[in-house]
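Visitor: Below is a structure I'd like to ask you about.
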Amino acid sequence: MRLNALWEYANPVKFMRLTDRVLPVVSMLALAAMVVGLVWGFFFTPDDFRQGSTVKIIYLHVPSAMMAISAWFMMLVTSLIWLIRRHHVSALAAKAAAPVGAVMTIIGLVTGAIWGQPMWGTWWAWDPRLTSFLILFLFYLGYIALWEAVEDGDTAADLTSALCLVGSVFAFLSRYAVNFWNQGLHQGASVLRAGALAGDTEERVSNVFAVPLFISMAGFVLFFIALVLLRTRTEIRLRRAKALIARERLS
């Protein structure tokens, strides 16, 4: 598909038509993958020989933490598209993704604390990765608040896009902090890392846990896409409604 053909879907009308067909399919796939992954993981996998049954929180913690970071990078891409191409759908997609990413961050923080307490003996530690993840959550809150505080939509999109660029530093640190600093309680990547699926077995997730985990991760990705498409459609409708109200006031 030509790149210009992709830009056609920046048109709100074409975006709405496309998502009319795509959204139900993505939603059903998300539901199926999440149910299979979570039920399989929680009820049909053994306890870990070190962590016992607490290891099963991995099926919520890892996918939610992954999506918390990925959502911000998705917002970064759509914000850059807005700044460069001035496509309103991209700005509205970034706005739509922020609350979803914030909720994923909360789930990641809460499940991480629940998992960390029996493993580390504490609910929280000022670990580089945990701290940058908490700061990312604060950026989510600031991003959402900034959208609400600025009445003009284009100005709000400009300001939030600039904030998104700054927040991307902490999204990057949340993902790679353990590679920069050796201190800290949080372990390095043991699922999506070089060698984890090859012969390297150091800190590798066993296949008995990895297969349902990957299914759960796929479900979270599809769930995020479905929510963002749904919320973007809502934002487009709200923008149309505001335009009609403004037009009526002028007439």
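How things are named: the first chain in the structure tokens is A, the next is B, and so on; residues count from 1 in each chain; ligands count from 1 in the order shown.
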Return as a count of residues only the full set of residues in region 1-249 of chain A whose backbone-based DSSP assignment is helix (DSSP H, G or I).
Guide: 199
Visitor: Neighbouring residues of Arg85 (chain A) were defined as those with any atom within 10 Å, considering only C-alpha atoms; residues of the same chain fewer than 4 positions away were excluded. Please report them as a PyMOL selection string.
Guide: chain A and resi 7+10+79-81+90
Visitor: Since we have the selection now, will you write its residues out, keeping all heavy atoms, as a PDB file, in the first residue's frame?
Guide:
```pdb
ATOM      1  N   TRP A   7      -2.332   7.907   4.409  1.00  0.00           N
ATOM      2  CA  TRP A   7      -2.711   9.237   4.887  1.00  0.00           C
ATOM      3  C   TRP A   7      -4.184   9.526   4.623  1.00  0.00           C
ATOM      4  O   TRP A   7      -4.764  10.404   5.268  1.00  0.00           O
ATOM      5  CB  TRP A   7      -1.864  10.322   4.223  1.00  0.00           C
ATOM      6  CG  TRP A   7      -0.419  10.305   4.603  1.00  0.00           C
ATOM      7  CD1 TRP A   7       0.649  10.213   3.760  1.00  0.00           C
ATOM      8  CD2 TRP A   7       0.139  10.377   5.923  1.00  0.00           C
ATOM      9  NE1 TRP A   7       1.824  10.217   4.468  1.00  0.00           N
ATOM     10  CE2 TRP A   7       1.537  10.319   5.805  1.00  0.00           C
ATOM     11  CE3 TRP A   7      -0.433  10.473   7.199  1.00  0.00           C
ATOM     12  CZ2 TRP A   7       2.382  10.368   6.907  1.00  0.00           C
ATOM     13  CZ3 TRP A   7       0.416  10.520   8.303  1.00  0.00           C
ATOM     14  CH2 TRP A   7       1.801  10.469   8.143  1.00  0.00           C
ATOM     15  N   ALA A  10      -6.416   9.614   7.560  1.00  0.00           N
ATOM     16  CA  ALA A  10      -6.388  10.755   8.467  1.00  0.00           C
ATOM     17  C   ALA A  10      -7.641  11.605   8.290  1.00  0.00           C
ATOM     18  O   ALA A  10      -7.932  12.465   9.120  1.00  0.00           O
ATOM     19  CB  ALA A  10      -5.146  11.609   8.215  1.00  0.00           C
ATOM     20  N   SER A  79       1.594  12.199  17.929  1.00  0.00           N
ATOM     21  CA  SER A  79       1.852  13.617  18.211  1.00  0.00           C
ATOM     22  C   SER A  79       2.799  14.207  17.178  1.00  0.00           C
ATOM     23  O   SER A  79       2.623  15.352  16.736  1.00  0.00           O
ATOM     24  CB  SER A  79       2.436  13.778  19.618  1.00  0.00           C
ATOM     25  OG  SER A  79       1.504  13.397  20.602  1.00  0.00           O
ATOM     26  N   LEU A  80       3.812  13.440  16.790  1.00  0.00           N
ATOM     27  CA  LEU A  80       4.737  13.917  15.753  1.00  0.00           C
ATOM     28  C   LEU A  80       4.016  14.086  14.419  1.00  0.00           C
ATOM     29  O   LEU A  80       4.280  15.042  13.666  1.00  0.00           O
ATOM     30  CB  LEU A  80       5.905  12.945  15.605  1.00  0.00           C
ATOM     31  CG  LEU A  80       6.915  12.930  16.765  1.00  0.00           C
ATOM     32  CD1 LEU A  80       7.926  11.807  16.575  1.00  0.00           C
ATOM     33  CD2 LEU A  80       7.624  14.276  16.865  1.00  0.00           C
ATOM     34  N   ILE A  81       3.097  13.158  14.124  1.00  0.00           N
ATOM     35  CA  ILE A  81       2.310  13.289  12.895  1.00  0.00           C
ATOM     36  C   ILE A  81       1.489  14.572  12.937  1.00  0.00           C
ATOM     37  O   ILE A  81       1.388  15.297  11.941  1.00  0.00           O
ATOM     38  CB  ILE A  81       1.395  12.063  12.702  1.00  0.00           C
ATOM     39  CG1 ILE A  81       2.228  10.816  12.409  1.00  0.00           C
ATOM     40  CG2 ILE A  81       0.394  12.302  11.559  1.00  0.00           C
ATOM     41  CD1 ILE A  81       1.430   9.535  12.369  1.00  0.00           C
ATOM     42  N   SER A  90      -4.843  12.176  14.116  1.00  0.00           N
ATOM     43  CA  SER A  90      -3.673  11.721  14.867  1.00  0.00           C
ATOM     44  C   SER A  90      -3.624  12.366  16.245  1.00  0.00           C
ATOM     45  O   SER A  90      -3.309  11.703  17.242  1.00  0.00           O
ATOM     46  CB  SER A  90      -2.395  12.025  14.082  1.00  0.00           C
ATOM     47  OG  SER A  90      -2.227  13.422  13.907  1.00  0.00           O
TER      48      SER A  90
END
```
Visitor: Skipping near chain neighbours, those fewer than 4 positions away, what residues fall within 8 Å of Phe133 (chain A) using only C-alpha atoms, listed as a PyMOL selection string?
Guide: chain A and resi 105+109+129+137+170-171+173-174
Visitor: Residues of the last selection are to be written out with C-alpha atoms, as an mmCIF file, in the first residue's frame.
Guide:
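Result went into selection-v1.cif, see below:
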```cif
data_model
loop_
_atom_site.group_PDB
_atom_site.id
_atom_site.type_symbol
_atom_site.label_atom_id
_atom_site.label_comp_id
_atom_site.auth_asym_id
_atom_site.auth_seq_id
_atom_site.Cartn_x
_atom_site.Cartn_y
_atom_site.Cartn_z
ATOM 1 C CA THR A 105 0.285 2.151 34.231
ATOM 2 C CA LEU A 109 2.252 -0.311 39.486
ATOM 3 C CA ARG A 129 12.850 1.315 36.686
ATOM 4 C CA PHE A 137 2.287 7.850 35.268
ATOM 5 C CA PHE A 170 10.776 8.451 31.025
ATOM 6 C CA ALA A 171 8.934 5.938 28.838
ATOM 7 C CA LEU A 173 13.866 4.776 30.886
ATOM 8 C CA SER A 174 10.948 2.651 32.123
#
```
Visitor: Have a look at A:Thr232, A:Asn207, A:Thr54, A:Ser161 and name the one nearest to Met75 (chain A); count only C-alpha atoms.
Guide: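 Using only C-alpha atoms, the shortest distance to Met75 (chain A) belongs to A:Ser161.
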Visitor: Considering only C-alpha atoms, state which residue in the set A:Val55, A:Leu165, A:Ala94, A:Leu250 is at the smallest distance from Ala71 (chain A).
Guide: A:Ala94
Visitor: Tell me which protein, DNA and RNA residues are within 7 Å of Ile144 (chain A), counting only C-alpha atoms, leaving out same-chain ones fewer than 4 positions away, and put them as a list in words.
Guide: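 The residues that qualify are Ala98, Tyr140 and Glu148 of chain A.
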Visitor: Could you please take those selected residues and save N, CA, C and O atoms as an mmCIF file, in the first residue's frame?
Guide:
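Writing done, so here's again_0.cif:
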```
data_model
loop_
_atom_site.group_PDB
_atom_site.id
_atom_site.type_symbol
_atom_site.label_atom_id
_atom_site.label_comp_id
_atom_site.auth_asym_id
_atom_site.auth_seq_id
_atom_site.Cartn_x
_atom_site.Cartn_y
_atom_site.Cartn_z
ATOM 1 N N ALA A 98 -4.305 8.297 25.903
ATOM 2 C CA ALA A 98 -3.730 8.677 27.198
ATOM 3 C C ALA A 98 -4.441 8.046 28.398
ATOM 4 O O ALA A 98 -3.772 7.464 29.267
ATOM 5 N N TYR A 140 1.376 10.996 32.362
ATOM 6 C CA TYR A 140 0.052 10.672 31.833
ATOM 7 C C TYR A 140 -0.998 11.611 32.429
ATOM 8 O O TYR A 140 -1.847 12.154 31.711
ATOM 9 N N GLU A 148 -7.532 18.945 29.015
ATOM 10 C CA GLU A 148 -8.767 19.474 29.596
ATOM 11 C C GLU A 148 -8.663 20.961 29.918
ATOM 12 O O GLU A 148 -9.677 21.665 29.948
#
```
Visitor: Could you check which of A:Ile135, A:Ala241, A:Leu38, A:Ala125 is closest to Ile58 (chain A), using only C-alpha atoms?
Guide: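 Residue with the minimum atom-to-atom distance to Ile58 (chain A): A:Leu38.
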Visitor: Find the residues around Gln51 (chain A) up to 12 Å (only C-alpha atoms counted), leave out those fewer than 5 positions away in its own chain, and share them as a count of residues only.
Guide: 10
Visitor: Can you pull out the residues contacting Val221 (chain A)? Cut-off 12 Å, using only C-alpha atoms, and skip same-chain residues under 5 positions away; I want them as a PyMOL selection string.
Guide: chain A and resi 26-27+29-31+33-34+62-71+74+100-101+104+214-216+226-228
Visitor: Grab the residues selected above and save them as a CSV table (one decimal), in the first residue's frame with N, CA, C and O atoms.
Guide:
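Result file again_1.csv:
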```csv
chain,number,residue,atom,x,y,z
A,26,VAL,N,-11.5,-6.5,15.9
A,26,VAL,CA,-10.4,-6.4,16.9
A,26,VAL,C,-10.9,-6.6,18.3
A,26,VAL,O,-10.2,-7.3,19.1
A,27,SER,N,-12.1,-6.2,18.6
A,27,SER,CA,-12.7,-6.3,19.9
A,27,SER,C,-12.9,-7.8,20.2
A,27,SER,O,-12.6,-8.3,21.3
A,29,LEU,N,-11.3,-10.4,18.8
A,29,LEU,CA,-10.0,-11.1,19.0
A,29,LEU,C,-9.4,-10.7,20.3
A,29,LEU,O,-8.8,-11.6,20.9
A,30,ALA,N,-9.5,-9.5,20.7
A,30,ALA,CA,-9.0,-9.1,22.0
A,30,ALA,C,-9.6,-9.8,23.2
A,30,ALA,O,-8.9,-10.4,24.1
A,31,LEU,N,-10.9,-10.0,23.1
A,31,LEU,CA,-11.7,-10.7,24.2
A,31,LEU,C,-11.2,-12.2,24.2
A,31,LEU,O,-11.0,-12.7,25.3
A,33,ALA,N,-8.4,-13.6,23.1
A,33,ALA,CA,-7.0,-13.7,23.5
A,33,ALA,C,-6.9,-13.5,25.0
A,33,ALA,O,-6.1,-14.2,25.7
A,34,MET,N,-7.5,-12.5,25.5
A,34,MET,CA,-7.4,-12.2,26.9
A,34,MET,C,-8.0,-13.3,27.8
A,34,MET,O,-7.4,-13.7,28.8
A,62,VAL,N,3.0,-8.0,33.4
A,62,VAL,CA,3.9,-7.9,32.2
A,62,VAL,C,3.1,-7.2,31.0
A,62,VAL,O,3.6,-6.2,30.5
A,63,PRO,N,1.9,-7.7,30.7
A,63,PRO,CA,1.2,-7.1,29.6
A,63,PRO,C,0.8,-5.7,29.9
A,63,PRO,O,0.8,-4.8,29.0
A,64,SER,N,0.3,-5.4,31.1
A,64,SER,CA,-0.1,-4.0,31.4
A,64,SER,C,1.1,-3.1,31.4
A,64,SER,O,1.0,-1.9,30.9
A,65,ALA,N,2.2,-3.5,32.0
A,65,ALA,CA,3.4,-2.6,32.0
A,65,ALA,C,3.9,-2.4,30.6
A,65,ALA,O,4.3,-1.3,30.2
A,66,MET,N,3.9,-3.5,29.7
A,66,MET,CA,4.3,-3.3,28.3
A,66,MET,C,3.4,-2.3,27.6
A,66,MET,O,3.9,-1.5,26.9
A,67,MET,N,2.1,-2.4,27.8
A,67,MET,CA,1.2,-1.5,27.1
A,67,MET,C,1.3,-0.1,27.7
A,67,MET,O,1.0,0.9,27.0
A,68,ALA,N,1.6,0.1,29.0
A,68,ALA,CA,1.8,1.4,29.5
A,68,ALA,C,2.9,2.2,28.8
A,68,ALA,O,2.7,3.4,28.5
A,69,ILE,N,4.0,1.5,28.5
A,69,ILE,CA,5.1,2.1,27.8
A,69,ILE,C,4.8,2.3,26.4
A,69,ILE,O,5.0,3.3,25.7
A,70,SER,N,4.2,1.2,25.8
A,70,SER,CA,3.9,1.2,24.3
A,70,SER,C,2.9,2.3,24.0
A,70,SER,O,2.9,2.9,22.9
A,71,ALA,N,1.9,2.5,24.9
A,71,ALA,CA,0.9,3.5,24.6
A,71,ALA,C,1.5,4.9,24.5
A,71,ALA,O,1.1,5.7,23.7
A,74,MET,N,3.2,5.2,21.2
A,74,MET,CA,2.1,5.4,20.2
A,74,MET,C,1.7,6.8,20.2
A,74,MET,O,1.5,7.5,19.1
A,100,VAL,N,-6.2,5.4,28.5
A,100,VAL,CA,-6.0,3.9,28.5
A,100,VAL,C,-4.6,3.6,29.0
A,100,VAL,O,-4.4,2.7,29.8
A,101,GLY,N,-3.6,4.4,28.5
A,101,GLY,CA,-2.2,4.2,29.0
A,101,GLY,C,-2.1,4.4,30.5
A,101,GLY,O,-1.3,3.7,31.2
A,104,MET,N,-3.4,1.4,32.3
A,104,MET,CA,-2.4,0.3,32.2
A,104,MET,C,-1.2,0.6,33.2
A,104,MET,O,-0.7,-0.4,33.8
A,214,PHE,N,2.3,-14.9,26.3
A,214,PHE,CA,2.3,-14.3,25.0
A,214,PHE,C,0.9,-14.1,24.5
A,214,PHE,O,0.6,-13.1,23.8
A,215,ILE,N,0.0,-15.1,24.8
A,215,ILE,CA,-1.4,-14.9,24.4
A,215,ILE,C,-2.0,-13.8,25.1
A,215,ILE,O,-2.8,-13.0,24.5
A,216,SER,N,-1.7,-13.7,26.4
A,216,SER,CA,-2.3,-12.6,27.2
A,216,SER,C,-1.7,-11.2,26.7
A,216,SER,O,-2.5,-10.2,26.6
A,226,ALA,N,-8.4,-1.7,20.3
A,226,ALA,CA,-9.9,-1.5,20.3
A,226,ALA,C,-10.3,-0.3,21.1
A,226,ALA,O,-11.2,0.5,20.6
A,227,LEU,N,-9.8,-0.1,22.3
A,227,LEU,CA,-10.1,1.0,23.1
A,227,LEU,C,-9.7,2.3,22.5
A,227,LEU,O,-10.5,3.3,22.5
A,228,VAL,N,-8.6,2.4,21.9
A,228,VAL,CA,-8.1,3.6,21.2
A,228,VAL,C,-9.0,3.9,20.0
A,228,VAL,O,-9.4,5.1,19.8
```
